[in-house]
$ cat upload15.csv   # CSV, C-alpha atoms
chain,number,residue,atom,x,y,z
A,159,MET,CA,187.6,115.3,149.3
A,160,LYS,CA,187.1,116.2,145.7
A,161,SER,CA,186.0,113.4,143.4
A,162,GLU,CA,188.7,112.1,141.0
A,163,SER,CA,187.5,110.9,137.7
A,164,ALA,CA,189.3,110.5,134.4
A,165,THR,CA,188.2,110.1,130.8
A,166,ALA,CA,191.4,108.2,130.0
A,167,PRO,CA,192.8,105.8,132.5
A,168,ALA,CA,196.4,106.0,133.6
A,169,ARG,CA,196.5,102.2,134.1
A,170,VAL,CA,194.6,99.3,132.5
A,171,HIS,CA,195.1,96.0,134.1
A,172,SER,CA,194.9,92.9,131.8
A,173,THR,CA,194.2,89.3,132.9
A,174,THR,CA,193.1,86.2,131.1
A,175,CYS,CA,190.4,83.7,131.8
A,176,ARG,CA,189.6,80.5,129.9
A,177,VAL,CA,185.9,79.8,129.2
A,178,THR,CA,185.0,76.5,130.8
A,179,TYR,CA,182.2,74.1,129.7
A,180,ARG,CA,180.0,75.0,132.6
A,181,MET,CA,180.0,78.7,131.5
A,182,SER,CA,178.4,77.9,128.1
A,183,ASP,CA,175.1,76.6,126.8
A,184,GLN,CA,174.6,73.7,124.4
A,185,MET,CA,175.6,75.9,121.4
A,186,GLY,CA,178.9,76.7,123.2
A,187,VAL,CA,178.0,80.3,123.8
A,188,VAL,CA,178.8,81.9,127.2
A,189,TYR,CA,175.8,82.5,129.3
A,190,TYR,CA,175.3,86.3,129.8
A,191,GLY,CA,175.5,86.2,133.6
A,192,HIS,CA,179.0,84.9,133.6
A,193,TYR,CA,180.3,88.2,132.3
A,194,MET,CA,179.7,89.6,135.9
A,195,GLU,CA,182.0,86.8,137.1
A,196,PHE,CA,184.6,87.9,134.5
A,197,PHE,CA,184.2,91.5,135.8
A,198,GLU,CA,184.9,90.3,139.3
A,199,ILE,CA,188.0,88.4,138.1
A,200,GLY,CA,189.2,91.6,136.5
A,201,ARG,CA,188.8,93.9,139.5
A,202,THR,CA,190.2,91.3,141.9
A,203,GLU,CA,193.3,90.8,139.7
A,204,LEU,CA,193.7,94.6,139.4
A,205,LEU,CA,193.9,94.9,143.2
A,206,ARG,CA,196.2,91.9,143.4
A,207,GLN,CA,198.6,93.4,140.8
A,208,ALA,CA,199.0,96.4,143.1
A,209,GLY,CA,200.0,94.1,146.0
A,210,PHE,CA,196.8,94.0,148.0
A,211,SER,CA,193.5,92.2,147.9
A,212,TYR,CA,189.8,92.4,148.9
A,213,HIS,CA,190.8,90.2,151.9
A,214,LEU,CA,193.2,92.9,153.1
A,215,MET,CA,190.6,95.6,152.6
A,216,GLU,CA,188.0,93.5,154.6
A,217,ARG,CA,190.5,92.9,157.4
A,218,GLU,CA,190.9,96.7,157.6
A,219,GLY,CA,187.1,97.2,157.8
A,220,TYR,CA,186.3,98.1,154.1
A,221,LEU,CA,183.7,96.3,152.0
A,222,LEU,CA,182.8,97.2,148.4
A,223,PRO,CA,179.2,96.2,147.8
A,224,VAL,CA,178.0,96.6,144.2
A,225,THR,CA,175.4,99.3,143.7
A,226,HIS,CA,175.2,99.1,139.9
A,227,ALA,CA,176.3,96.7,137.2
A,228,SER,CA,175.8,97.0,133.5
A,229,ALA,CA,177.1,95.2,130.4
A,230,ASP,CA,177.0,95.7,126.7
A,231,TYR,CA,177.1,92.4,124.9
A,232,LEU,CA,178.7,93.0,121.5
A,233,ALA,CA,179.7,89.5,120.3
A,234,SER,CA,179.6,86.0,121.7
A,235,ALA,CA,182.4,84.4,123.7
A,236,ARG,CA,182.4,80.6,123.3
A,237,TYR,CA,183.5,77.5,125.1
A,238,ASP,CA,187.3,77.2,125.4
A,239,ASP,CA,188.0,80.8,124.3
A,240,LEU,CA,190.9,82.5,126.2
A,241,LEU,CA,189.5,85.8,127.2
A,242,GLU,CA,191.4,89.0,127.9
A,243,ILE,CA,189.7,91.1,130.6
A,244,ARG,CA,191.0,94.7,130.7
A,245,THR,CA,190.0,96.6,133.8
A,246,HIS,CA,190.6,100.1,135.1
A,247,ILE,CA,189.3,102.4,137.8
A,248,GLU,CA,186.9,104.9,136.2
A,249,ARG,CA,186.0,106.9,139.3
A,250,LEU,CA,187.4,107.0,142.8
A,251,ASP,CA,186.7,109.1,145.8
A,252,ARG,CA,186.4,108.4,149.6
A,253,LEU,CA,182.9,106.8,149.3
A,254,ARG,CA,182.8,105.3,145.7
A,255,ILE,CA,184.8,103.3,143.3
A,256,HIS,CA,183.7,102.5,139.8
A,257,PHE,CA,185.4,100.0,137.5
A,258,TYR,CA,185.2,99.8,133.7
A,259,TYR,CA,185.8,96.5,131.8
A,260,GLU,CA,186.4,95.4,128.3
A,261,ILE,CA,186.5,91.7,127.3
A,262,SER,CA,187.9,90.3,124.0
A,263,ARG,CA,189.5,87.0,122.9
A,264,GLN,CA,193.2,87.2,123.7
A,265,GLY,CA,195.1,88.4,120.7
A,266,GLU,CA,192.0,89.8,118.9
A,267,SER,CA,190.7,93.3,118.6
A,268,LEU,CA,187.0,92.4,118.4
A,269,LEU,CA,185.3,93.6,121.6
A,270,LEU,CA,182.9,91.0,123.0
A,271,CYS,CA,181.6,92.9,126.0
A,272,ARG,CA,182.2,96.1,127.9
A,273,GLY,CA,180.7,97.1,131.3
A,274,VAL,CA,180.8,99.0,134.5
A,275,THR,CA,180.4,98.1,138.2
A,276,ARG,CA,179.9,100.8,140.7
A,277,HIS,CA,180.6,100.2,144.4
A,278,ILE,CA,180.2,102.1,147.6
A,279,VAL,CA,182.7,101.9,150.4
A,280,ALA,CA,181.1,100.4,153.4
A,281,GLY,CA,182.0,99.2,156.9
A,282,PRO,CA,181.4,95.7,158.3
A,283,ASP,CA,177.9,96.9,159.4
A,284,GLY,CA,177.0,97.7,155.8
A,285,ARG,CA,176.8,101.4,156.3
A,286,PRO,CA,178.8,103.8,154.2
A,287,ARG,CA,182.3,104.4,155.4
A,288,ARG,CA,184.9,106.8,154.1
A,289,LEU,CA,188.3,105.4,152.9
A,290,SER,CA,191.2,106.6,154.9
A,291,PRO,CA,193.6,109.0,153.2
A,292,ASP,CA,196.1,106.1,153.1
A,293,TRP,CA,193.7,103.7,151.3
A,294,LEU,CA,192.5,106.4,148.9
A,295,GLU,CA,196.2,107.1,148.0
A,296,ARG,CA,196.9,103.4,147.5
A,297,LEU,CA,193.9,102.9,145.3
A,298,ALA,CA,194.6,106.2,143.4
A,299,ALA,CA,198.0,104.7,142.5
A,300,LEU,CA,196.1,102.1,140.4
A,301,ARG,CA,194.8,104.9,138.1
$ encode --input "upload15.csv" --output "structure tokens"
Amino acid sequence: MKSESATAPARVHSTTCRVTYRMSDQMGVVYYGHYMEFFEIGRTELLRQAGFSYHLMEREGYLLPVTHASADYLASARYDDLLEIRTHIERLDRLRIHFYYEISRQGESLLLCRGVTRHIVAGPDGRPRRLSPDWLERLAALR
């Protein structure tokens, strides 16, 4: 099947997350590793908004291991900030799904972080597995 990729997403999902004390250092700045957790929240909620979840995918024999993750840290998030995590599917085909993320404080335009995670579709044995046409269609509807 031909790869589908887009320069402008059809749908961007937005969710919020409050920065907790454990996520910050003594200066109140969010530790850089927690942005990967914010990315996970974003993609999980994007799937949930569409009416399905990772749990459902796993039950049907699909896993999405991360093969690449990157982040550009542009400004600091701080303890007690309410963050807005915007997520969209950047690339989707039967073997790959790439997500793009942008994080800012809710109600502000200043971008704090942007990033990408790339995933392969795998079966329970960890080997690559192609998405069924049904699953590909369901995920494509999120674009």
$ residues_around --input "upload15.csv" --residues "A:Ala208" --least-positions-apart "6" --cutoff "9 Å" --atoms "only C-alpha atoms" --output "list in words"
Arg296, Leu297, Ala299 and Leu300 of chain A
$ atom_distance --input "upload15.csv" --atom1 "atom CA of A:Val187" --atom2 "atom CA of A:Tyr231"
12.2 Å
$ closest_residue --input "upload15.csv" --among "A:Ile255, A:Met194, A:Val170, A:Leu232" --to "A:Val279" --atoms "all atoms listed in the file"
A:Ile255
$ atom_distance --input "upload15.csv" --atom1 "atom CA of A:Val188" --atom2 "atom CA of A:Tyr237"
6.8 Å
$ atom_distance --input "upload15.csv" --atom1 "atom CA of A:Ile247" --atom2 "atom CA of A:Thr174"
17.9 Å
$ residues_around --input "upload15.csv" --residues "A:Arg236" --least-positions-apart "5" --cutoff "12 Å" --atoms "all atoms listed in the file" --output "list in words"
Arg176, Val177, Thr178, Tyr179, Arg180, Met181, Ser182, Asp183, Gln184, Met185, Gly186, Val187, Val188, Tyr189, Tyr190, His192, Tyr193, Leu241, Ser262, Arg263 and Leu270 of chain A
$ write_last_selection --input "upload15.csv" --atoms "C-alpha atoms" --output "PDB file, in the frame of the given file"
ATOM      1  CA  ARG A 176     189.600  80.500 129.900  1.00  0.00           C
ATOM      2  CA  VAL A 177     185.900  79.800 129.200  1.00  0.00           C
ATOM      3  CA  THR A 178     185.000  76.500 130.800  1.00  0.00           C
ATOM      4  CA  TYR A 179     182.200  74.100 129.700  1.00  0.00           C
ATOM      5  CA  ARG A 180     180.000  75.000 132.600  1.00  0.00           C
ATOM      6  CA  MET A 181     180.000  78.700 131.500  1.00  0.00           C
ATOM      7  CA  SER A 182     178.400  77.900 128.100  1.00  0.00           C
ATOM      8  CA  ASP A 183     175.100  76.600 126.800  1.00  0.00           C
ATOM      9  CA  GLN A 184     174.600  73.700 124.400  1.00  0.00           C
ATOM     10  CA  MET A 185     175.600  75.900 121.400  1.00  0.00           C
ATOM     11  CA  GLY A 186     178.900  76.700 123.200  1.00  0.00           C
ATOM     12  CA  VAL A 187     178.000  80.300 123.800  1.00  0.00           C
ATOM     13  CA  VAL A 188     178.800  81.900 127.200  1.00  0.00           C
ATOM     14  CA  TYR A 189     175.800  82.500 129.300  1.00  0.00           C
ATOM     15  CA  TYR A 190     175.300  86.300 129.800  1.00  0.00           C
ATOM     16  CA  HIS A 192     179.000  84.900 133.600  1.00  0.00           C
ATOM     17  CA  TYR A 193     180.300  88.200 132.300  1.00  0.00           C
ATOM     18  CA  LEU A 241     189.500  85.800 127.200  1.00  0.00           C
ATOM     19  CA  SER A 262     187.900  90.300 124.000  1.00  0.00           C
ATOM     20  CA  ARG A 263     189.500  87.000 122.900  1.00  0.00           C
ATOM     21  CA  LEU A 270     182.900  91.000 123.000  1.00  0.00           C
TER      22      LEU A 270
END
$ residues_near_point --input "upload15.csv" --point "(182.7, 99.6, 157.9)" --cutoff "12 Å" --atoms "only C-alpha atoms" --output "list in words"
Met215, Glu216, Arg217, Glu218, Gly219, Tyr220, Leu221, Leu222, Pro223, Leu253, Ile278, Val279, Ala280, Gly281, Pro282, Asp283, Gly284, Arg285, Pro286, Arg287, Arg288, Leu289 and Ser290 of chain A
$ write_last_selection --input "upload15.csv" --atoms "C-alpha atoms" --output "compact mmCIF listing (two decimals), in the frame of the given file"
# COMPACT_ATOMS: atom_id res chain seq x y z
CA MET A 215 190.60 95.60 152.60
CA GLU A 216 188.00 93.50 154.60
CA ARG A 217 190.50 92.90 157.40
CA GLU A 218 190.90 96.70 157.60
CA GLY A 219 187.10 97.20 157.80
CA TYR A 220 186.30 98.10 154.10
CA LEU A 221 183.70 96.30 152.00
CA LEU A 222 182.80 97.20 148.40
CA PRO A 223 179.20 96.20 147.80
CA LEU A 253 182.90 106.80 149.30
CA ILE A 278 180.20 102.10 147.60
CA VAL A 279 182.70 101.90 150.40
CA ALA A 280 181.10 100.40 153.40
CA GLY A 281 182.00 99.20 156.90
CA PRO A 282 181.40 95.70 158.30
CA ASP A 283 177.90 96.90 159.40
CA GLY A 284 177.00 97.70 155.80
CA ARG A 285 176.80 101.40 156.30
CA PRO A 286 178.80 103.80 154.20
CA ARG A 287 182.30 104.40 155.40
CA ARG A 288 184.90 106.80 154.10
CA LEU A 289 188.30 105.40 152.90
CA SER A 290 191.20 106.60 154.90
$ residues_around --input "upload15.csv" --residues "A:Gln264" --least-positions-apart "3" --cutoff "9 Å" --atoms "all atoms listed in the file" --output "ChimeraX atom specification"
/A:174,239-243,261,267
$ write_last_selection --input "upload15.csv" --atoms "C-alpha atoms" --output "PDB file, in the coordinates of the input"
ATOM      1  CA  THR A 174     193.100  86.200 131.100  1.00  0.00           C
ATOM      2  CA  ASP A 239     188.000  80.800 124.300  1.00  0.00           C
ATOM      3  CA  LEU A 240     190.900  82.500 126.200  1.00  0.00           C
ATOM      4  CA  LEU A 241     189.500  85.800 127.200  1.00  0.00           C
ATOM      5  CA  GLU A 242     191.400  89.000 127.900  1.00  0.00           C
ATOM      6  CA  ILE A 243     189.700  91.100 130.600  1.00  0.00           C
ATOM      7  CA  ILE A 261     186.500  91.700 127.300  1.00  0.00           C
ATOM      8  CA  SER A 267     190.700  93.300 118.600  1.00  0.00           C
TER       9      SER A 267
END
$ residues_near_point --input "upload15.csv" --point "(192.3, 87.3, 138.6)" --cutoff "12 Å" --atoms "all atoms listed in the file" --output "list in words"
His171, Ser172, Thr173, Thr174, Cys175, Arg176, Glu195, Phe196, Phe197, Glu198, Ile199, Gly200, Arg201, Thr202, Glu203, Leu204, Leu205, Arg206, Gln207, Ser211, Tyr212, Leu241, Glu242, Ile243, Arg244 and Thr245 of chain A
$ residues_around --input "upload15.csv" --residues "A:Phe257" --least-positions-apart "2" --cutoff "6 Å" --atoms "all atoms listed in the file" --output "list in words"
His246, Ile247, Glu248, Val274 and Thr275 of chain A
$ closest_residue --input "upload15.csv" --among "A:His277, A:Arg252, A:Arg169, A:Arg272" --to "A:Glu295" --atoms "only C-alpha atoms"
A:Arg252
$ decode --input "upload15.csv" --residues "stretch 222-241 of chain A" --atoms "N, CA and C atoms" --output "PDB file, in the first residue's frame"
ATOM      1  N   LEU A 222       2.955  -0.971  19.086  1.00  0.00           N
ATOM      2  CA  LEU A 222       3.576   0.175  18.421  1.00  0.00           C
ATOM      3  C   LEU A 222       4.878   0.569  19.121  1.00  0.00           C
ATOM      4  N   PRO A 223       5.918  -0.269  19.012  1.00  0.00           N
ATOM      5  CA  PRO A 223       7.175   0.106  19.658  1.00  0.00           C
ATOM      6  C   PRO A 223       7.768   1.363  19.013  1.00  0.00           C
ATOM      7  N   VAL A 224       8.376   2.196  19.848  1.00  0.00           N
ATOM      8  CA  VAL A 224       9.030   3.413  19.388  1.00  0.00           C
ATOM      9  C   VAL A 224      10.368   3.039  18.756  1.00  0.00           C
ATOM     10  N   THR A 225      10.615   3.552  17.558  1.00  0.00           N
ATOM     11  CA  THR A 225      11.899   3.334  16.884  1.00  0.00           C
ATOM     12  C   THR A 225      12.745   4.597  16.852  1.00  0.00           C
ATOM     13  N   HIS A 226      12.097   5.738  17.091  1.00  0.00           N
ATOM     14  CA  HIS A 226      12.810   7.021  17.101  1.00  0.00           C
ATOM     15  C   HIS A 226      11.997   8.011  17.910  1.00  0.00           C
ATOM     16  N   ALA A 227      12.683   8.824  18.689  1.00  0.00           N
ATOM     17  CA  ALA A 227      12.028   9.905  19.416  1.00  0.00           C
ATOM     18  C   ALA A 227      12.974  11.095  19.419  1.00  0.00           C
ATOM     19  N   SER A 228      12.431  12.262  19.151  1.00  0.00           N
ATOM     20  CA  SER A 228      13.257  13.469  19.216  1.00  0.00           C
ATOM     21  C   SER A 228      12.411  14.621  19.719  1.00  0.00           C
ATOM     22  N   ALA A 229      13.085  15.582  20.329  1.00  0.00           N
ATOM     23  CA  ALA A 229      12.403  16.752  20.868  1.00  0.00           C
ATOM     24  C   ALA A 229      13.289  17.971  20.715  1.00  0.00           C
ATOM     25  N   ASP A 230      12.661  19.077  20.410  1.00  0.00           N
ATOM     26  CA  ASP A 230      13.321  20.376  20.406  1.00  0.00           C
ATOM     27  C   ASP A 230      12.766  21.136  21.602  1.00  0.00           C
ATOM     28  N   TYR A 231      13.651  21.458  22.546  1.00  0.00           N
ATOM     29  CA  TYR A 231      13.254  22.170  23.761  1.00  0.00           C
ATOM     30  C   TYR A 231      13.454  23.659  23.505  1.00  0.00           C
ATOM     31  N   LEU A 232      12.372  24.412  23.486  1.00  0.00           N
ATOM     32  CA  LEU A 232      12.416  25.809  23.065  1.00  0.00           C
ATOM     33  C   LEU A 232      12.298  26.794  24.224  1.00  0.00           C
ATOM     34  N   ALA A 233      11.594  26.410  25.267  1.00  0.00           N
ATOM     35  CA  ALA A 233      11.431  27.232  26.470  1.00  0.00           C
ATOM     36  C   ALA A 233      11.046  26.295  27.609  1.00  0.00           C
ATOM     37  N   SER A 234      11.211  26.755  28.827  1.00  0.00           N
ATOM     38  CA  SER A 234      10.986  25.883  29.989  1.00  0.00           C
ATOM     39  C   SER A 234       9.530  25.843  30.428  1.00  0.00           C
ATOM     40  N   ALA A 235       9.048  24.641  30.656  1.00  0.00           N
ATOM     41  CA  ALA A 235       7.787  24.454  31.371  1.00  0.00           C
ATOM     42  C   ALA A 235       8.153  24.408  32.847  1.00  0.00           C
ATOM     43  N   ARG A 236       7.227  24.810  33.694  1.00  0.00           N
ATOM     44  CA  ARG A 236       7.524  24.912  35.125  1.00  0.00           C
ATOM     45  C   ARG A 236       6.437  24.224  35.953  1.00  0.00           C
ATOM     46  N   TYR A 237       6.818  23.959  37.200  1.00  0.00           N
ATOM     47  CA  TYR A 237       5.888  23.351  38.149  1.00  0.00           C
ATOM     48  C   TYR A 237       4.557  24.099  38.146  1.00  0.00           C
ATOM     49  N   ASP A 238       3.479  23.349  38.103  1.00  0.00           N
ATOM     50  CA  ASP A 238       2.090  23.787  38.166  1.00  0.00           C
ATOM     51  C   ASP A 238       1.562  24.414  36.870  1.00  0.00           C
ATOM     52  N   ASP A 239       2.389  24.484  35.815  1.00  0.00           N
ATOM     53  CA  ASP A 239       1.877  24.942  34.521  1.00  0.00           C
ATOM     54  C   ASP A 239       0.818  23.964  34.021  1.00  0.00           C
ATOM     55  N   LEU A 240      -0.195  24.475  33.378  1.00  0.00           N
ATOM     56  CA  LEU A 240      -1.161  23.639  32.681  1.00  0.00           C
ATOM     57  C   LEU A 240      -0.737  23.637  31.217  1.00  0.00           C
ATOM     58  N   LEU A 241      -0.253  22.496  30.759  1.00  0.00           N
ATOM     59  CA  LEU A 241       0.278  22.383  29.411  1.00  0.00           C
ATOM     60  C   LEU A 241      -0.787  21.915  28.441  1.00  0.00           C
TER      61      LEU A 241
END
